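Heads up: the structure comes next, in structure tokens.
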Amino acid sequence: MESQIDLLAIFVTDIVGVAIITIILATRGWNLPARQKESRTLFLMLLATAANCMTDALIAYCDGRPGGIYHVMSMAGNTYTYLYNLIVGIGIIFLVVNHIDKKIVRFQMLFFAVLTIVELVLLAINFVYPVVFSVDENNVYSRGKFFYVFVLAALLLLIYGYVYYFVSKIKNPSLRYFPVFEFLLPILAGMTIQVMVYGISLIPISFVIAFAGIVIALQNECIYIDKLTGVYNRYELDKVLGSLKRKRHEKIAAMMLDLNGFKEINDKYSHEEGDQALIAFAGILVAIVRGRGTVIRFAGDEFVVLMRKVDEVDIEACRNQILHAVDDYNAGSGKPYKLSAAVGGTIFDYNGQNANEIVERIDRLMYKDKDEYYRNHPRHR
């Protein structure tokens, strides 16, 4: 059986893919200020994607060329491409989930683990008995009967990513900066065409296009990110509140939060320690709010939390969760000081509300809570 692969077309697309990844790496497009965990994940996936493009070109060259060395390279290379689709496919969903909620829950880890185990077992068996793919005596590649298990797994990951994103976007409008739909679409399109049309290779370049989209989206989002804490900055607040004029018949919960005794932390323990306190407090807010809304650093040690489609019970519950989380942090931080927050917030109707009035009102409510705190604590600011 002769090779049905269009070698020239594959070489061209893979070279373009490697060139795009090289530019992203060289310009440090993967580096996201205040989001080092996501930066490292993105960097590793970009390296794996460049390797996948080069491997794709290698196995295309080996296809249909007799000889033991070509057989070894073809088996190893094709195994890597299947592993790549698994690892980076999961990696992208991991990046999406972590970016939205800052946390991977047990169900998601179980979902990823099951897919990984099933595909690793099939690839291990494939070295002994060709169930996923085969490479014949002329080193011509053919799909095996369990090939579509990998296609189904990829579809499950894509569907999960889309559903998770759209559900989260309903709760948190700030996800407009992270357009999951647009950058998962090239992967879906490339996979569909490659499965239906044998002999072409679009999956590697589709991942490259997807990563280029991810990098552009995340770098654009960084304009609205506070570089110290990693939460949104004042630009985002102005943008969200400015959009209230276009909204009708919907409610928004807004809270202003301020660290009590923050000046004492700076004066007594250094400004660097003060920065660590801000980072810790921002992390607490993000962990509590997650996909329900947006955390914004308003100014200095003041933060704003915006949540949609909530009532008074929800906002009070969120306030209590934040205060309990601060207590838990203090119990285990080992710091010579204790974090404490003043919180003021209420529900607003979009219709007829002025953005400045919203900020002023929650600011007054926050200072009312702060005054209550200082009735029982010495004032250091």
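Residue numbering restarts at 1 in every chain; chains get A, B, ... in the order shown in the structure tokens, and ligands count up from 1 in that same order.
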- Could you name the residues that touch region 356-367 of chain A at 10 Å or less, counting only C-alpha atoms, but leaving out those on the same chain fewer than 3 positions away, as a list of chain:residue names?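 Non-adjacent residues within range: A:Leu237, A:Asp238, A:Leu241, A:Gly242, A:Ala254, A:Met255, A:Met256, A:Leu257, A:Asp258, A:Phe298, A:Glu302, A:Val304, A:Ala341, A:Ala342, A:Val343, A:Gly344, A:Gly345, A:Thr346, A:Ile347, A:Phe348, A:Gln353, A:Lys370, A:Asp371, A:Glu372, A:Tyr373.
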- Task: Return as a list of chain:residue names the full set of residues in region 153-270 of chain A whose backbone-based DSSP assignment is strand (DSSP E or B).
- Result: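 Output for region 153-270 of chain A, strand (DSSP E or B) only: A:Ile225, A:Tyr232, A:Lys251, A:Ile252, A:Ala253, A:Ala254, A:Met255, A:Met256, A:Leu257, A:Asp258, A:Leu259.
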- Message: Which residues are close to Lys335 (chain A), i.e. within 10 Å by only C-alpha atoms, leaving aside same-chain residues fewer than 5 positions away? Reply as a list in words.
- Response: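 Listing them by chain and then by number gives Glu273, Ala277, Tyr329 and Asn330 of chain A.
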Could the residues in this selection be written to a file with C-alpha atoms, as a short mmCIF file (atom, residue, chain, number, x, y, z; two decimals), in the first residue's frame?
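Contents of result37.cif, as written:
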data_model
loop_
_atom_site.label_atom_id
_atom_site.label_comp_id
_atom_site.auth_asym_id
_atom_site.auth_seq_id
_atom_site.Cartn_x
_atom_site.Cartn_y
_atom_site.Cartn_z
CA GLU A 273 5.12 42.88 53.46
CA ALA A 277 -0.84 41.28 52.38
CA TYR A 329 -5.83 32.74 56.48
CA ASN A 330 -4.79 34.44 59.70
#
- Task: Pick out the closest residue to Tyr224 (chain A) from this set: A:Ala48, A:Ala154, A:Leu32, A:Leu278. Count only C-alpha atoms.
- Result: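 Answer, going by the shortest atom-to-atom distance: A:Leu32.
Counting only C-alpha atoms and comparing A:Leu185, A:Ile100, A:Leu123, A:Val16, the residue that lies closest to Val286 (chain A) is A:Ile100.
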- In Å, with one decimal, what is the gap from CA of Phe133 (chain A) to CA of Tyr82 (chain A)? 9.9 Å
- Item | Selection near Ile24 (chain A), 10 Å with only C-alpha atoms, sequence-local residues under 3 positions removed, as an MDAnalysis selection string | chainID A and resid 18:21 27:31 43 46 211:212 215:216
Could those selected residues go to a file with all heavy atoms, as a CSV table (one decimal), in the first residue's frame?
chain,number,residue,atom,x,y,z
A,18,VAL,N,5.6,26.1,13.2
A,18,VAL,CA,6.8,26.2,14.0
A,18,VAL,C,7.2,27.7,14.0
A,18,VAL,O,7.6,28.2,15.1
A,18,VAL,CB,7.9,25.4,13.5
A,18,VAL,CG1,9.2,25.7,14.2
A,18,VAL,CG2,7.6,23.9,13.7
A,19,ALA,N,7.0,28.4,12.9
A,19,ALA,CA,7.4,29.8,12.8
A,19,ALA,C,6.6,30.7,13.7
A,19,ALA,O,7.1,31.5,14.4
A,19,ALA,CB,7.3,30.3,11.3
A,20,ILE,N,5.2,30.4,13.7
A,20,ILE,CA,4.3,31.2,14.6
A,20,ILE,C,4.7,30.9,16.1
A,20,ILE,O,4.7,31.9,16.8
A,20,ILE,CB,2.9,30.8,14.3
A,20,ILE,CG1,2.5,31.2,12.9
A,20,ILE,CG2,1.9,31.4,15.3
A,20,ILE,CD1,1.1,30.8,12.4
A,21,ILE,N,4.9,29.7,16.4
A,21,ILE,CA,5.2,29.4,17.8
A,21,ILE,C,6.6,30.0,18.2
A,21,ILE,O,6.7,30.5,19.3
A,21,ILE,CB,5.3,27.9,18.1
A,21,ILE,CG1,3.9,27.2,17.8
A,21,ILE,CG2,5.8,27.5,19.5
A,21,ILE,CD1,2.9,27.7,18.8
A,27,THR,N,9.0,36.6,21.5
A,27,THR,CA,8.5,37.9,22.0
A,27,THR,C,7.9,37.7,23.4
A,27,THR,O,7.3,38.7,23.9
A,27,THR,CB,7.4,38.4,21.0
A,27,THR,OG1,6.4,37.4,20.9
A,27,THR,CG2,8.0,38.6,19.6
A,28,ARG,N,8.0,36.6,24.0
A,28,ARG,CA,7.5,36.3,25.3
A,28,ARG,C,6.0,36.6,25.4
A,28,ARG,O,5.5,37.1,26.4
A,28,ARG,CB,8.2,37.1,26.4
A,28,ARG,CG,9.7,36.7,26.5
A,28,ARG,CD,10.4,37.5,27.5
A,28,ARG,NE,9.9,37.3,28.9
A,28,ARG,CZ,10.2,36.3,29.7
A,28,ARG,NH1,11.1,35.3,29.2
A,28,ARG,NH2,9.7,36.2,30.9
A,29,GLY,N,5.3,36.3,24.3
A,29,GLY,CA,3.8,36.5,24.4
A,29,GLY,C,3.1,35.6,25.4
A,29,GLY,O,2.0,35.9,25.8
A,30,TRP,N,3.8,34.6,25.8
A,30,TRP,CA,3.2,33.6,26.8
A,30,TRP,C,3.3,34.2,28.2
A,30,TRP,O,2.6,33.6,29.1
A,30,TRP,CB,4.0,32.3,26.7
A,30,TRP,CG,5.5,32.5,26.9
A,30,TRP,CD1,6.4,32.7,25.9
A,30,TRP,CD2,6.2,32.5,28.1
A,30,TRP,NE1,7.6,32.8,26.4
A,30,TRP,CE2,7.6,32.7,27.7
A,30,TRP,CE3,5.9,32.4,29.4
A,30,TRP,CZ2,8.6,32.8,28.7
A,30,TRP,CZ3,6.9,32.4,30.4
A,30,TRP,CH2,8.2,32.7,30.0
A,31,ASN,N,4.1,35.2,28.4
A,31,ASN,CA,4.4,35.7,29.8
A,31,ASN,C,3.2,36.7,30.2
A,31,ASN,O,3.1,37.7,29.6
A,31,ASN,CB,5.7,36.4,29.9
A,31,ASN,CG,6.1,36.7,31.3
A,31,ASN,OD1,5.7,36.0,32.2
A,31,ASN,ND2,6.9,37.7,31.5
A,43,PHE,N,3.6,28.3,28.4
A,43,PHE,CA,4.9,28.1,27.8
A,43,PHE,C,5.2,26.6,27.5
A,43,PHE,O,5.7,26.3,26.4
A,43,PHE,CB,5.9,28.6,28.8
A,43,PHE,CG,7.4,28.4,28.4
A,43,PHE,CD1,7.9,29.2,27.4
A,43,PHE,CD2,8.1,27.4,29.0
A,43,PHE,CE1,9.2,29.0,27.0
A,43,PHE,CE2,9.5,27.2,28.6
A,43,PHE,CZ,10.0,28.0,27.6
A,46,LEU,N,3.2,25.5,24.5
A,46,LEU,CA,3.7,26.1,23.2
A,46,LEU,C,4.9,25.2,22.8
A,46,LEU,O,5.1,25.0,21.6
A,46,LEU,CB,4.1,27.5,23.4
A,46,LEU,CG,3.0,28.5,23.5
A,46,LEU,CD1,3.5,29.9,24.0
A,46,LEU,CD2,2.3,28.7,22.1
A,211,PHE,N,-3.5,28.5,19.9
A,211,PHE,CA,-2.6,29.1,20.9
A,211,PHE,C,-2.3,30.6,20.5
A,211,PHE,O,-2.1,31.4,21.5
A,211,PHE,CB,-1.3,28.3,21.0
A,211,PHE,CG,-1.4,27.2,21.9
A,211,PHE,CD1,-1.3,25.9,21.4
A,211,PHE,CD2,-1.7,27.3,23.2
A,211,PHE,CE1,-1.4,24.8,22.2
A,211,PHE,CE2,-1.8,26.2,24.1
A,211,PHE,CZ,-1.7,24.9,23.6
A,212,ALA,N,-2.2,30.9,19.3
A,212,ALA,CA,-2.0,32.3,18.9
A,212,ALA,C,-3.2,33.2,19.4
A,212,ALA,O,-3.0,34.3,19.9
A,212,ALA,CB,-1.9,32.5,17.4
A,215,VAL,N,-3.0,33.6,23.3
A,215,VAL,CA,-2.0,34.5,23.6
A,215,VAL,C,-2.5,36.0,23.4
A,215,VAL,O,-2.3,36.8,24.3
A,215,VAL,CB,-0.7,34.3,22.8
A,215,VAL,CG1,0.3,35.5,23.0
A,215,VAL,CG2,0.0,33.0,23.3
A,216,ILE,N,-3.1,36.2,22.3
A,216,ILE,CA,-3.6,37.5,22.0
A,216,ILE,C,-4.7,37.9,23.0
A,216,ILE,O,-4.7,39.1,23.5
A,216,ILE,CB,-4.2,37.6,20.5
A,216,ILE,CG1,-3.1,37.5,19.5
A,216,ILE,CG2,-5.0,38.9,20.3
A,216,ILE,CD1,-3.5,37.3,18.1
- Task: In Å, rounded to a single decimal, give me how far CA of Tyr129 (chain A) is from CA of Pro204 (chain A).
- Result: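 CA of Tyr129 (chain A) lies at a distance of 26.1 Å from CA of Pro204 (chain A).
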- Item | Asp327 (chain A) environment, 12 Å, only C-alpha atoms, sequence neighbours closer than 5 positions dropped, as a PyMOL selection string | chain A and resi 281+284+320-322+332-333+337-341
- CA of Leu47 (chain A) to CA of His99 (chain A), straight-line distance in Å: 20.1 Å
- Message: For Ile288 (chain A), find every residue with an atom within 12 Å (counting only C-alpha atoms), except residues of its own chain fewer than 3 positions away, and show them as a VMD selection string.
- Response: chain A and resid 101 to 103 281 to 285 291 to 295 305 307 315 317 to 326
Proximity of region 85-135 of chain A to region 139-143 of chain A: per-residue shortest pair, 7 Å limit, only C-alpha atoms, as CSV:
residue,atom,partner,partner_atom,distance
A:Val132,CA,A:Arg143,CA,6.3
A:Phe133,CA,A:Arg143,CA,4.4
A:Ser134,CA,A:Ser142,CA,5.2
A:Val135,CA,A:Tyr141,CA,4.6
